[in-house]
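Have a look at target35.cif below; it lists mmCIF, C-alpha atoms.
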data_upload
#
loop_
_atom_site.label_atom_id
_atom_site.label_comp_id
_atom_site.auth_asym_id
_atom_site.auth_seq_id
_atom_site.Cartn_x
_atom_site.Cartn_y
_atom_site.Cartn_z
CA MET A 1 -19.64 17.24 -28.03
CA LYS A 2 -19.04 17.00 -24.32
CA ASN A 3 -21.29 14.01 -24.12
CA ILE A 4 -19.46 12.22 -26.84
CA ILE A 5 -16.11 12.63 -25.14
CA LEU A 6 -17.52 11.61 -21.82
CA GLY A 7 -19.13 8.58 -23.37
CA PHE A 8 -15.87 7.70 -24.97
CA ALA A 9 -14.04 8.04 -21.69
CA ILE A 10 -16.44 5.76 -19.90
CA ALA A 11 -16.36 3.28 -22.74
CA THR A 12 -12.58 3.03 -22.71
CA THR A 13 -12.36 2.56 -18.98
CA THR A 14 -15.03 -0.11 -18.94
CA LEU A 15 -13.39 -1.79 -21.87
CA ALA A 16 -10.02 -1.86 -20.18
CA PHE A 17 -11.63 -3.26 -17.08
CA CYS A 18 -13.60 -5.95 -18.86
CA ASN A 19 -10.57 -7.10 -20.78
CA GLY A 20 -8.77 -7.85 -17.56
CA ASN A 21 -11.64 -9.98 -16.34
CA LYS A 22 -12.00 -11.79 -19.58
CA SER A 23 -8.53 -13.24 -19.59
CA ALA A 24 -9.04 -14.49 -16.06
CA GLU A 25 -12.23 -16.11 -17.22
CA ASN A 26 -10.50 -17.73 -20.13
CA GLN A 27 -7.92 -19.14 -17.84
CA ASN A 28 -10.59 -20.55 -15.60
CA LEU A 29 -12.18 -22.16 -18.56
CA SER A 30 -8.98 -23.73 -19.80
CA ASN A 31 -8.22 -24.98 -16.29
CA ARG A 32 -11.60 -26.60 -16.24
CA THR A 33 -11.14 -28.27 -19.58
CA GLN A 34 -7.81 -29.51 -18.46
CA SER A 35 -9.17 -31.09 -15.34
CA ILE A 36 -11.93 -32.71 -17.34
CA SER A 37 -9.53 -34.21 -19.83
CA GLN A 38 -7.35 -35.37 -16.97
CA THR A 39 -10.17 -37.40 -15.48
CA ASP A 40 -10.80 -38.84 -18.91
CA ASN A 41 -7.19 -39.83 -19.16
CA ALA A 42 -7.26 -41.50 -15.79
CA ASN A 43 -10.15 -43.68 -16.89
CA LEU A 44 -8.44 -44.59 -20.11
CA THR A 45 -5.18 -45.56 -18.45
CA ILE A 46 -6.76 -48.48 -16.72
CA SER A 47 -7.91 -50.05 -19.96
CA SER A 48 -4.71 -49.62 -21.94
CA VAL A 49 -1.91 -50.08 -19.47
CA LYS A 50 -0.63 -53.20 -21.20
CA ASP A 51 0.69 -51.92 -24.49
CA ALA A 52 1.57 -48.47 -23.25
CA LYS A 53 5.19 -48.36 -24.17
CA ASN A 54 4.62 -49.52 -27.74
CA THR A 55 1.94 -47.07 -28.67
CA VAL A 56 3.52 -44.01 -27.14
CA SER A 57 5.97 -41.95 -29.08
CA VAL A 58 7.75 -38.82 -28.06
CA LYS A 59 8.88 -38.35 -31.63
CA GLU A 60 7.38 -34.92 -32.13
CA ILE A 61 8.97 -33.66 -28.94
CA VAL A 62 12.36 -35.04 -29.89
CA SER A 63 12.18 -33.62 -33.39
CA ALA A 64 11.30 -30.14 -32.12
CA TYR A 65 14.16 -30.38 -29.65
CA LEU A 66 16.60 -31.39 -32.39
CA GLN A 67 15.37 -28.55 -34.58
CA MET A 68 16.13 -26.19 -31.73
CA LYS A 69 19.53 -27.74 -31.16
CA ASN A 70 20.40 -27.30 -34.83
CA ALA A 71 19.30 -23.67 -34.75
CA PHE A 72 21.66 -23.09 -31.83
CA THR A 73 24.57 -24.70 -33.66
CA GLU A 74 23.99 -22.07 -36.35
CA ASP A 75 23.69 -19.25 -33.79
CA ASN A 76 20.16 -18.79 -35.06
CA SER A 77 18.25 -17.23 -32.19
CA THR A 78 14.94 -16.72 -33.98
CA GLY A 79 15.10 -20.26 -35.35
CA ALA A 80 15.57 -21.55 -31.81
CA ALA A 81 12.65 -19.42 -30.66
CA SER A 82 10.28 -20.85 -33.24
CA ALA A 83 11.43 -24.37 -32.39
CA GLY A 84 10.77 -23.50 -28.75
CA LYS A 85 7.18 -22.66 -29.54
CA LYS A 86 6.86 -25.87 -31.52
CA LEU A 87 8.29 -27.86 -28.65
CA GLY A 88 5.85 -26.31 -26.19
CA THR A 89 2.96 -27.34 -28.43
CA ALA A 90 4.40 -30.82 -28.90
CA PHE A 91 4.47 -31.30 -25.13
CA LYS A 92 0.90 -30.12 -24.78
CA ASN A 93 -0.31 -32.28 -27.67
CA PHE A 94 1.33 -35.41 -26.37
CA ASP A 95 -1.29 -38.02 -25.57
CA LYS A 96 -0.80 -39.19 -22.02
CA SER A 97 -3.89 -41.36 -22.03
CA ALA A 98 -2.12 -44.61 -22.84
CA LEU A 99 0.60 -44.26 -20.22
CA THR A 100 1.08 -46.41 -17.16
CA GLU A 101 0.89 -44.55 -13.87
CA ALA A 102 4.66 -44.60 -13.42
CA LEU A 103 5.40 -43.37 -16.93
CA LYS A 104 2.74 -40.74 -16.66
CA LYS A 105 4.37 -39.43 -13.51
CA THR A 106 7.75 -39.26 -15.21
CA TYR A 107 6.21 -37.54 -18.18
CA GLU A 108 4.37 -34.94 -16.14
CA ASP A 109 7.44 -34.23 -14.06
CA VAL A 110 9.50 -33.57 -17.18
CA GLU A 111 6.67 -31.78 -18.95
CA ALA A 112 6.09 -29.20 -16.24
CA ASP A 113 9.71 -28.12 -16.34
CA ALA A 114 10.38 -28.52 -20.05
CA ILE A 115 7.38 -26.49 -21.18
CA GLU A 116 8.64 -23.53 -19.18
CA HIS A 117 12.06 -23.72 -20.78
CA ALA A 118 10.60 -24.19 -24.24
CA GLU A 119 8.33 -21.18 -23.81
CA HIS A 120 11.18 -19.09 -22.45
CA ILE A 121 13.34 -19.93 -25.41
CA GLY A 122 10.37 -19.14 -27.61
CA ALA A 123 9.90 -15.73 -26.01
CA ASN A 124 13.56 -14.72 -26.00
CA GLY A 125 14.40 -14.59 -29.69
CA GLY A 126 17.34 -12.21 -30.04
CA ASN A 127 18.88 -13.09 -26.68
CA ILE A 128 20.74 -16.25 -27.60
CA GLU A 129 22.90 -16.46 -24.47
CA HIS A 130 19.84 -16.52 -22.25
CA GLN A 131 18.14 -19.00 -24.57
CA ARG A 132 21.15 -21.28 -24.32
CA GLU A 133 21.00 -21.26 -20.53
CA HIS A 134 17.48 -22.58 -20.76
CA PHE A 135 18.52 -25.02 -23.45
CA GLU A 136 21.00 -26.57 -21.04
CA LEU A 137 18.24 -27.27 -18.51
CA LEU A 138 15.89 -28.39 -21.23
CA SER A 139 18.46 -30.89 -22.48
CA LYS A 140 18.42 -32.59 -19.11
CA ASP A 141 14.64 -32.89 -19.30
CA ILE A 142 14.68 -34.31 -22.81
CA TYR A 143 17.43 -36.76 -21.87
CA ASP A 144 15.36 -38.12 -18.98
CA LEU A 145 12.33 -38.30 -21.24
CA VAL A 146 14.21 -40.25 -23.91
CA LYS A 147 15.62 -42.54 -21.24
CA ALA A 148 12.11 -43.38 -20.08
CA PHE A 149 10.32 -43.50 -23.44
CA GLY A 150 12.97 -44.11 -26.08
CA GLY A 151 13.72 -41.49 -28.68
CA GLY A 152 12.28 -43.25 -31.72
CA GLN A 153 15.72 -42.93 -33.33
CA VAL A 154 19.37 -43.27 -32.40
CA LEU A 155 20.50 -40.28 -30.36
CA TYR A 156 23.87 -39.29 -28.99
CA LYS A 157 24.50 -37.59 -25.70
CA ASP A 158 27.29 -35.10 -26.30
CA PHE A 159 29.24 -33.26 -23.64
CA CYS A 160 31.06 -29.95 -23.89
CA PRO A 161 33.29 -29.37 -20.84
CA MET A 162 33.78 -25.68 -21.49
CA TYR A 163 30.26 -24.28 -21.32
CA ASN A 164 29.09 -22.55 -18.16
CA ASN A 165 32.52 -21.36 -17.03
CA GLY A 166 34.03 -24.81 -17.18
CA LYS A 167 31.15 -26.60 -15.47
CA GLY A 168 30.24 -28.24 -18.74
CA ALA A 169 26.91 -29.12 -20.27
CA PHE A 170 25.46 -31.84 -22.45
CA TRP A 171 22.97 -32.00 -25.28
CA LEU A 172 21.36 -34.63 -27.47
CA SER A 173 22.13 -34.99 -31.13
CA GLU A 174 20.96 -37.14 -34.02
CA THR A 175 24.37 -37.13 -35.72
CA LYS A 176 27.66 -38.71 -34.74
CA GLU A 177 29.47 -35.58 -35.79
CA ILE A 178 29.84 -33.04 -32.97
CA GLN A 179 27.98 -29.78 -33.59
CA ASN A 180 28.06 -27.67 -30.48
CA PRO A 181 24.81 -25.79 -29.75
CA TYR A 182 26.23 -23.88 -26.77
CA PHE A 183 29.01 -22.12 -28.64
CA GLY A 184 27.81 -22.33 -32.23
CA LYS A 185 30.27 -21.13 -34.83
CA GLU A 186 32.65 -19.94 -32.14
CA MET A 187 33.57 -23.52 -31.24
CA LEU A 188 31.41 -25.78 -33.34
CA ASN A 189 33.39 -28.95 -32.81
CA CYS A 190 33.93 -28.76 -29.08
CA GLY A 191 32.59 -31.84 -27.32
CA THR A 192 32.59 -35.63 -27.14
CA ILE A 193 29.98 -38.35 -27.35
CA THR A 194 29.43 -39.79 -23.90
CA GLU A 195 26.48 -42.07 -24.54
CA GLU A 196 24.56 -43.62 -27.37
CA LEU A 197 20.82 -43.85 -26.85
CA LYS A 198 18.96 -46.40 -28.91
CA MET B 1 -9.15 25.88 -28.40
CA LYS B 2 -12.44 24.68 -27.02
CA LEU B 3 -11.68 21.22 -28.27
CA ILE B 4 -8.40 21.07 -26.36
CA ARG B 5 -10.21 22.02 -23.17
CA TYR B 6 -12.71 19.24 -23.73
CA ILE B 7 -10.00 16.73 -24.35
CA LEU B 8 -8.14 17.75 -21.22
CA LEU B 9 -11.34 17.56 -19.25
CA ALA B 10 -12.04 14.10 -20.62
CA LEU B 11 -8.55 12.91 -19.77
CA GLY B 12 -9.00 14.31 -16.28
CA ILE B 13 -12.26 12.45 -15.87
CA ILE B 14 -10.70 9.23 -17.11
CA PHE B 15 -7.82 9.65 -14.68
CA VAL B 16 -10.14 10.15 -11.75
CA ALA B 17 -12.42 7.34 -12.85
CA ILE B 18 -9.66 4.75 -13.12
CA GLN B 19 -8.51 5.49 -9.59
CA PHE B 20 -11.53 3.52 -8.44
CA ILE B 21 -10.51 0.43 -10.34
CA ARG B 22 -8.06 -1.17 -8.01
CA SER B 23 -6.50 -4.56 -8.39
CA GLU B 24 -6.21 -7.05 -5.58
CA ARG B 25 -3.13 -6.69 -3.40
CA ASN B 26 -0.55 -9.42 -3.10
CA ILE B 27 -0.42 -9.59 0.67
CA ASN B 28 -0.89 -12.73 2.75
CA GLU B 29 -0.66 -12.60 6.50
CA GLN B 30 -0.36 -16.33 7.07
CA PRO B 31 3.07 -17.94 6.78
CA SER B 32 3.20 -20.29 3.81
CA PRO B 33 3.87 -23.96 4.61
CA THR B 34 5.67 -24.35 1.30
CA ASP B 35 7.99 -21.39 1.78
CA ILE B 36 11.56 -21.82 0.57
CA ALA B 37 12.85 -21.26 4.10
CA LYS B 38 11.05 -24.45 5.13
CA ALA B 39 12.39 -26.54 2.24
CA PHE B 40 15.98 -25.28 2.35
CA THR B 41 18.35 -23.77 4.84
CA VAL B 42 18.34 -20.06 4.14
CA PRO B 43 20.86 -18.06 6.20
CA ASP B 44 19.64 -14.69 7.45
CA SER B 45 22.12 -12.80 5.27
CA VAL B 46 20.59 -14.43 2.19
CA LYS B 47 17.07 -14.01 3.47
CA VAL B 48 17.50 -10.25 3.71
CA ILE B 49 18.75 -10.00 0.14
CA LEU B 50 15.94 -12.16 -1.19
CA LYS B 51 13.42 -10.08 0.69
CA ASN B 52 14.79 -6.75 -0.52
CA ALA B 53 15.52 -7.71 -4.09
CA CYS B 54 13.17 -10.52 -5.07
CA TYR B 55 10.14 -10.99 -2.85
CA ASP B 56 8.11 -8.05 -4.13
CA CYS B 57 7.44 -9.96 -7.35
CA HIS B 58 8.43 -13.51 -6.40
CA SER B 59 6.53 -14.23 -3.21
CA ASN B 60 3.04 -14.00 -1.78
CA ASN B 61 3.90 -10.77 0.00
CA THR B 62 4.65 -7.54 -1.78
CA VAL B 63 5.81 -4.42 0.01
CA TYR B 64 3.98 -1.83 -2.05
CA PRO B 65 5.41 1.61 -2.77
CA TRP B 66 3.07 4.61 -2.32
CA TYR B 67 2.70 5.12 -6.07
CA SER B 68 1.12 1.68 -6.38
CA HIS B 69 -2.06 3.44 -5.25
CA VAL B 70 -1.99 5.60 -8.37
CA GLN B 71 -3.55 4.00 -11.43
CA PRO B 72 -2.51 2.91 -13.99
CA ILE B 73 0.82 2.38 -12.21
CA GLY B 74 -0.89 0.03 -9.79
CA TRP B 75 -2.18 -2.10 -12.67
CA PHE B 76 1.24 -2.20 -14.21
CA LEU B 77 2.73 -3.44 -10.93
CA THR B 78 0.01 -6.04 -10.51
CA LYS B 79 0.76 -7.42 -13.95
CA HIS B 80 4.45 -7.65 -13.10
CA ILE B 81 3.78 -9.38 -9.81
CA THR B 82 1.44 -11.92 -11.40
CA GLN B 83 4.00 -12.74 -14.06
CA GLY B 84 6.83 -12.81 -11.56
CA LYS B 85 5.02 -15.21 -9.26
CA ASP B 86 4.14 -17.38 -12.19
CA GLU B 87 7.81 -17.78 -13.04
CA LEU B 88 9.08 -18.21 -9.53
CA ASN B 89 7.35 -18.00 -6.19
CA PHE B 90 9.56 -18.32 -3.14
CA SER B 91 6.49 -18.69 -0.94
CA GLU B 92 5.55 -21.84 -2.81
CA PHE B 93 8.97 -23.14 -3.68
CA GLY B 94 8.52 -26.20 -1.48
CA SER B 95 5.56 -27.34 -3.57
CA TYR B 96 7.66 -27.56 -6.77
CA SER B 97 8.92 -30.95 -7.93
CA THR B 98 12.60 -31.66 -7.33
CA ARG B 99 13.24 -31.24 -11.02
CA LYS B 100 11.60 -27.85 -11.06
CA GLN B 101 13.40 -26.75 -7.89
CA LEU B 102 16.76 -27.64 -9.41
CA SER B 103 15.84 -25.92 -12.61
CA LYS B 104 14.68 -22.77 -10.81
CA LEU B 105 17.82 -22.62 -8.66
CA GLU B 106 19.88 -22.88 -11.80
CA GLU B 107 17.87 -20.10 -13.40
CA ILE B 108 18.27 -17.84 -10.39
CA GLU B 109 22.00 -18.33 -10.63
CA ASP B 110 21.95 -17.43 -14.32
CA VAL B 111 19.83 -14.31 -14.02
CA ILE B 112 21.90 -13.00 -11.11
CA ASN B 113 25.16 -13.67 -12.94
CA ASP B 114 23.88 -12.07 -16.13
CA ASP B 115 22.30 -9.11 -14.33
CA ILE B 116 18.92 -9.89 -15.84
CA MET B 117 17.31 -9.79 -12.40
CA PRO B 118 16.33 -7.74 -10.50
CA LEU B 119 14.83 -5.82 -13.40
CA PRO B 120 16.45 -2.45 -14.19
CA SER B 121 13.14 -0.64 -13.70
CA TYR B 122 12.79 -2.22 -10.27
CA LYS B 123 16.34 -1.33 -9.27
CA LEU B 124 15.67 2.26 -10.27
CA MET B 125 13.03 2.54 -7.56
CA HIS B 126 14.58 0.16 -4.99
CA LYS B 127 18.09 0.98 -3.88
CA ALA B 128 18.37 -2.20 -1.80
CA ALA B 129 17.80 -4.27 -4.92
CA GLN B 130 20.96 -2.96 -6.54
CA LEU B 131 23.05 -5.94 -5.52
CA THR B 132 26.73 -5.50 -4.76
CA ASN B 133 29.20 -8.13 -5.92
CA ASP B 134 29.41 -9.47 -2.37
CA GLU B 135 25.66 -9.84 -2.19
CA LYS B 136 25.61 -11.61 -5.54
CA ALA B 137 28.35 -13.95 -4.35
CA LEU B 138 26.34 -14.73 -1.22
CA ILE B 139 23.32 -15.68 -3.31
CA ILE B 140 25.32 -17.77 -5.78
CA ASN B 141 27.07 -19.59 -2.98
CA TRP B 142 23.78 -20.32 -1.27
CA ILE B 143 22.32 -21.58 -4.57
CA GLN B 144 25.26 -23.97 -4.97
CA LEU B 145 24.70 -25.38 -1.49
CA SER B 146 20.96 -25.75 -2.06
CA LYS B 147 21.53 -27.49 -5.37
CA GLU B 148 23.93 -29.91 -3.74
CA SER B 149 21.46 -30.69 -0.98
CA LEU B 150 18.90 -31.47 -3.67
CA THR B 151 21.08 -33.65 -5.87
CA GLU B 152 22.21 -35.66 -2.85
CA ASN B 153 18.66 -36.81 -2.26
CA TYR B 154 17.57 -36.95 -5.88
#

Just give me the structure as structure tokens.
Amino acid sequence: MKNIILGFAIATTTLAFCNGNKSAENQNLSNRTQSISQTDNANLTISSVKDAKNTVSVKEIVSAYLQMKNAFTEDNSTGAASAGKKLGTAFKNFDKSALTEALKKTYEDVEADAIEHAEHIGANGGNIEHQREHFELLSKDIYDLVKAFGGGQVLYKDFCPMYNNGKGAFWLSETKEIQNPYFGKEMLNCGTITEELK
Amino acid sequence: MKLIRYILLALGIIFVAIQFIRSERNINEQPSPTDIAKAFTVPDSVKVILKNACYDCHSNNTVYPWYSHVQPIGWFLTKHITQGKDELNFSEFGSYSTRKQLSKLEEIEDVINDDIMPLPSYKLMHKAAQLTNDEKALIINWIQLSKESLTENY
């Protein structure tokens, strides 16, 4: 009896310990794969610089962003969270291999920041105010991305002067009609179109 | 009755055993070249607040409380510190891209305004981290200035 309990005790402690190591190992591994694929990308860039802008589409990213925006207009926190997860994946799946050096730099700059916001929104289902704060920062990232790559569709940059204690904030929308993601039902029509992105 | 004694004994053994499994400490003697104080002007009044309320989880130097030597509390703290540094590390702030710096400054402002940070559990154990309104205002004001200095050169 005693032996069994003792054995169990040792087993649990070792298990707990090994688990910790394992995740570190996994991370190492994924870092390695990343660096490998990065070198691959670098080689590819040279060969396909020419038609970069035509072949590259940020469509999936934009559509996940719009899905998130629409969830916010409906005050749907969990909907925004699932769109956040989708957006994070879309950023990671995006194929950078065909980009020119300059575009790649822009992309990576935006990506590093946007992924964090997307993941935060994904992890904070239920806390819509906090999600919206990240959405504001995310919108700036997506705007810069669309400016550099094109959105694959007509987009409108909308501005609501009231959000953030009167500092104001903008977002991107696929419709001409104003649907405010920062206030949702509380003030759905607050805002104006400030720019049309084609 | 016997069984309970065995279980207690086992728990005792586990407790003693895990004391030997210690995680690495987040302490770096060398000053970091990418510290926020090198990238931005940080007045001493702000520096003190950051140090007392943020640095334990958001820098490369943690001031550990005594109970961090007791496991599993120590593990729990290590996990928090790793996550905290991952989100925001003042010791490496200078290495962030301008976009990320702006974004992080904005986030700091939000979490201070909304009382999300410092974490309630942290404030419970650290009196100095319970920010007064004046201290919060100092931080927010400093954030504004830092953001402006960034956008000017952006």

Checklist entry - Taking only C-alpha atoms into account, what are the residues of chain B at most 8 Å from chain A, put as a ChimeraX atom specification? => result /B:6-7,10-11,13-14,17-18,21,97,99-100,103,107,110

Checklist entry - What lies within 9 Å of segment 72-82 of chain A using only C-alpha atoms, ignoring chain neighbours under 4 positions off, as a PyMOL selection string? => result chain A and resi 67-68+86-87+118-128+131-132+179-185+188

Taking C-alpha atoms for each residue, export the selection above as a PDB file, keeping the file's coordinate frame.
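Output contents, as saved in part-v9.pdb:
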ATOM      1  CA  GLN A  67      15.370 -28.550 -34.580  1.00  0.00           C
ATOM      2  CA  MET A  68      16.130 -26.190 -31.730  1.00  0.00           C
ATOM      3  CA  LYS A  86       6.860 -25.870 -31.520  1.00  0.00           C
ATOM      4  CA  LEU A  87       8.290 -27.860 -28.650  1.00  0.00           C
ATOM      5  CA  ALA A 118      10.600 -24.190 -24.240  1.00  0.00           C
ATOM      6  CA  GLU A 119       8.330 -21.180 -23.810  1.00  0.00           C
ATOM      7  CA  HIS A 120      11.180 -19.090 -22.450  1.00  0.00           C
ATOM      8  CA  ILE A 121      13.340 -19.930 -25.410  1.00  0.00           C
ATOM      9  CA  GLY A 122      10.370 -19.140 -27.610  1.00  0.00           C
ATOM     10  CA  ALA A 123       9.900 -15.730 -26.010  1.00  0.00           C
ATOM     11  CA  ASN A 124      13.560 -14.720 -26.000  1.00  0.00           C
ATOM     12  CA  GLY A 125      14.400 -14.590 -29.690  1.00  0.00           C
ATOM     13  CA  GLY A 126      17.340 -12.210 -30.040  1.00  0.00           C
ATOM     14  CA  ASN A 127      18.880 -13.090 -26.680  1.00  0.00           C
ATOM     15  CA  ILE A 128      20.740 -16.250 -27.600  1.00  0.00           C
ATOM     16  CA  GLN A 131      18.140 -19.000 -24.570  1.00  0.00           C
ATOM     17  CA  ARG A 132      21.150 -21.280 -24.320  1.00  0.00           C
ATOM     18  CA  GLN A 179      27.980 -29.780 -33.590  1.00  0.00           C
ATOM     19  CA  ASN A 180      28.060 -27.670 -30.480  1.00  0.00           C
ATOM     20  CA  PRO A 181      24.810 -25.790 -29.750  1.00  0.00           C
ATOM     21  CA  TYR A 182      26.230 -23.880 -26.770  1.00  0.00           C
ATOM     22  CA  PHE A 183      29.010 -22.120 -28.640  1.00  0.00           C
ATOM     23  CA  GLY A 184      27.810 -22.330 -32.230  1.00  0.00           C
ATOM     24  CA  LYS A 185      30.270 -21.130 -34.830  1.00  0.00           C
ATOM     25  CA  LEU A 188      31.410 -25.780 -33.340  1.00  0.00           C
TER      26      LEU A 188
END

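Shortest separation to Lys85 of chain B among B:Thr34, B:Ser23, B:Thr98, B:Asn61 occurs at residue B:Asn61, atoms counted being only C-alpha atoms.
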
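Between atom CA of Asn52 of chain B and atom CA of Ala137 of chain B the separation is 15.8 Å.
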
Next on the checklist: Given all atoms listed in the file as the basis, pick out the residue of A:Asp158, A:Glu60, A:Glu101, A:Asp144 nearest to Glu195 of chain A.
Outcome noted: A:Asp158

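When the PyMOL selection byres ((chain B and resi 41-45) around 10) is evaluated against the file, it yields Ile36, Ala37, Lys38, Ala39, Phe40, Val46, Lys47, Val48, Ile49, Leu50, Glu135, Leu138, Ile139, Trp142, Ile143, Leu145, Ser146 and Ser149 of chain B.
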
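The two atoms in question, atom CA of Phe135 of chain A and atom CA of Ile81 of chain B, are spaced 25.5 Å apart.
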
Item to check | Non-local contacts of Gln83 of chain B (10 Å; only C-alpha atoms; under 5 positions in same chain excluded) as a PyMOL selection string | outcome: chain B and resi 57-58+77-78+88

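Pairwise distance (atom CA of Cys160 of chain A, atom CA of Thr192 of chain A) equals 6.7 Å.
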
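Nearest-residue note for Thr82 of chain B: choosing from B:Tyr96, B:Ala53, B:Lys127, B:Thr62, the minimum distance belongs to B:Thr62, counting all atoms listed in the file.
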
Item to check | Long-range neighbours of segment 172-174 of chain A as a PyMOL selection string, 7 Å cut-off, all atoms listed in the file, 2 positions minimum in chain | outcome: chain A and resi 66+139+154-158+176

To verify the selection step, state as a short mmCIF file (atom, residue, chain, number, x, y, z; two decimals) with C-alpha atoms, in the frame of the given file which residues the PyMOL selection byres ((chain B and resi 22) around 9) yields on this input.
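Result went into expr.cif, see below:
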data_model
loop_
_atom_site.label_atom_id
_atom_site.label_comp_id
_atom_site.auth_asym_id
_atom_site.auth_seq_id
_atom_site.Cartn_x
_atom_site.Cartn_y
_atom_site.Cartn_z
CA ILE B 18 -9.66 4.75 -13.12
CA GLN B 19 -8.51 5.49 -9.59
CA PHE B 20 -11.53 3.52 -8.44
CA ILE B 21 -10.51 0.43 -10.34
CA SER B 23 -6.50 -4.56 -8.39
CA GLU B 24 -6.21 -7.05 -5.58
CA ARG B 25 -3.13 -6.69 -3.40
CA HIS B 69 -2.06 3.44 -5.25
CA GLN B 71 -3.55 4.00 -11.43
CA GLY B 74 -0.89 0.03 -9.79
CA TRP B 75 -2.18 -2.10 -12.67
#

Item to check | Test item: residues at most 10 Å from Gly191 of chain A, only C-alpha atoms, excluding those fewer than 4 positions along its chain, as a ChimeraX atom specification | outcome: /A:158-163,168-171,177-180,187

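Comparing the minimum interatomic distances between Tyr55 of chain B and each of B:Leu150, B:Ile116, B:Leu105, B:Ile27, counting all atoms listed in the file, we find that B:Ile27 sits nearest.
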
Item to check | Ala90 of chain A environment, 10 Å, all atoms listed in the file, sequence neighbours closer than 5 positions dropped, as a PyMOL selection string | outcome: chain A and resi 58-65+84-85+95+115

Could you rebuild segment 61-72 of chain B with N, CA and C atoms and give it back as a compact mmCIF listing (two decimals), in the frame of the given file?
# COMPACT_ATOMS: atom_id res chain seq x y z
N ASN B 61 3.99 -12.02 -0.74
CA ASN B 61 3.90 -10.77 0.00
C ASN B 61 4.70 -9.66 -0.65
N THR B 62 4.00 -8.69 -1.15
CA THR B 62 4.65 -7.54 -1.78
C THR B 62 4.65 -6.36 -0.81
N VAL B 63 5.79 -5.69 -0.71
CA VAL B 63 5.81 -4.42 0.01
C VAL B 63 5.56 -3.34 -1.03
N TYR B 64 4.37 -2.76 -0.99
CA TYR B 64 3.98 -1.83 -2.05
C TYR B 64 4.52 -0.42 -1.82
N PRO B 65 5.02 0.20 -2.88
CA PRO B 65 5.41 1.61 -2.77
C PRO B 65 4.15 2.48 -2.83
N TRP B 66 4.26 3.74 -2.38
CA TRP B 66 3.07 4.61 -2.32
C TRP B 66 2.42 4.77 -3.69
N TYR B 67 3.28 4.83 -4.74
CA TYR B 67 2.70 5.12 -6.07
C TYR B 67 1.91 3.93 -6.62
N SER B 68 1.94 2.81 -5.92
CA SER B 68 1.12 1.68 -6.38
C SER B 68 -0.36 2.00 -6.22
N HIS B 69 -0.66 3.04 -5.42
CA HIS B 69 -2.06 3.44 -5.25
C HIS B 69 -2.55 4.32 -6.41
N VAL B 70 -1.61 4.75 -7.24
CA VAL B 70 -1.99 5.60 -8.37
C VAL B 70 -2.15 4.72 -9.61
N GLN B 71 -3.34 4.76 -10.19
CA GLN B 71 -3.55 4.00 -11.43
C GLN B 71 -3.17 4.86 -12.62
N PRO B 72 -2.66 4.33 -13.70
CA PRO B 72 -2.51 2.91 -13.99
C PRO B 72 -1.22 2.28 -13.49
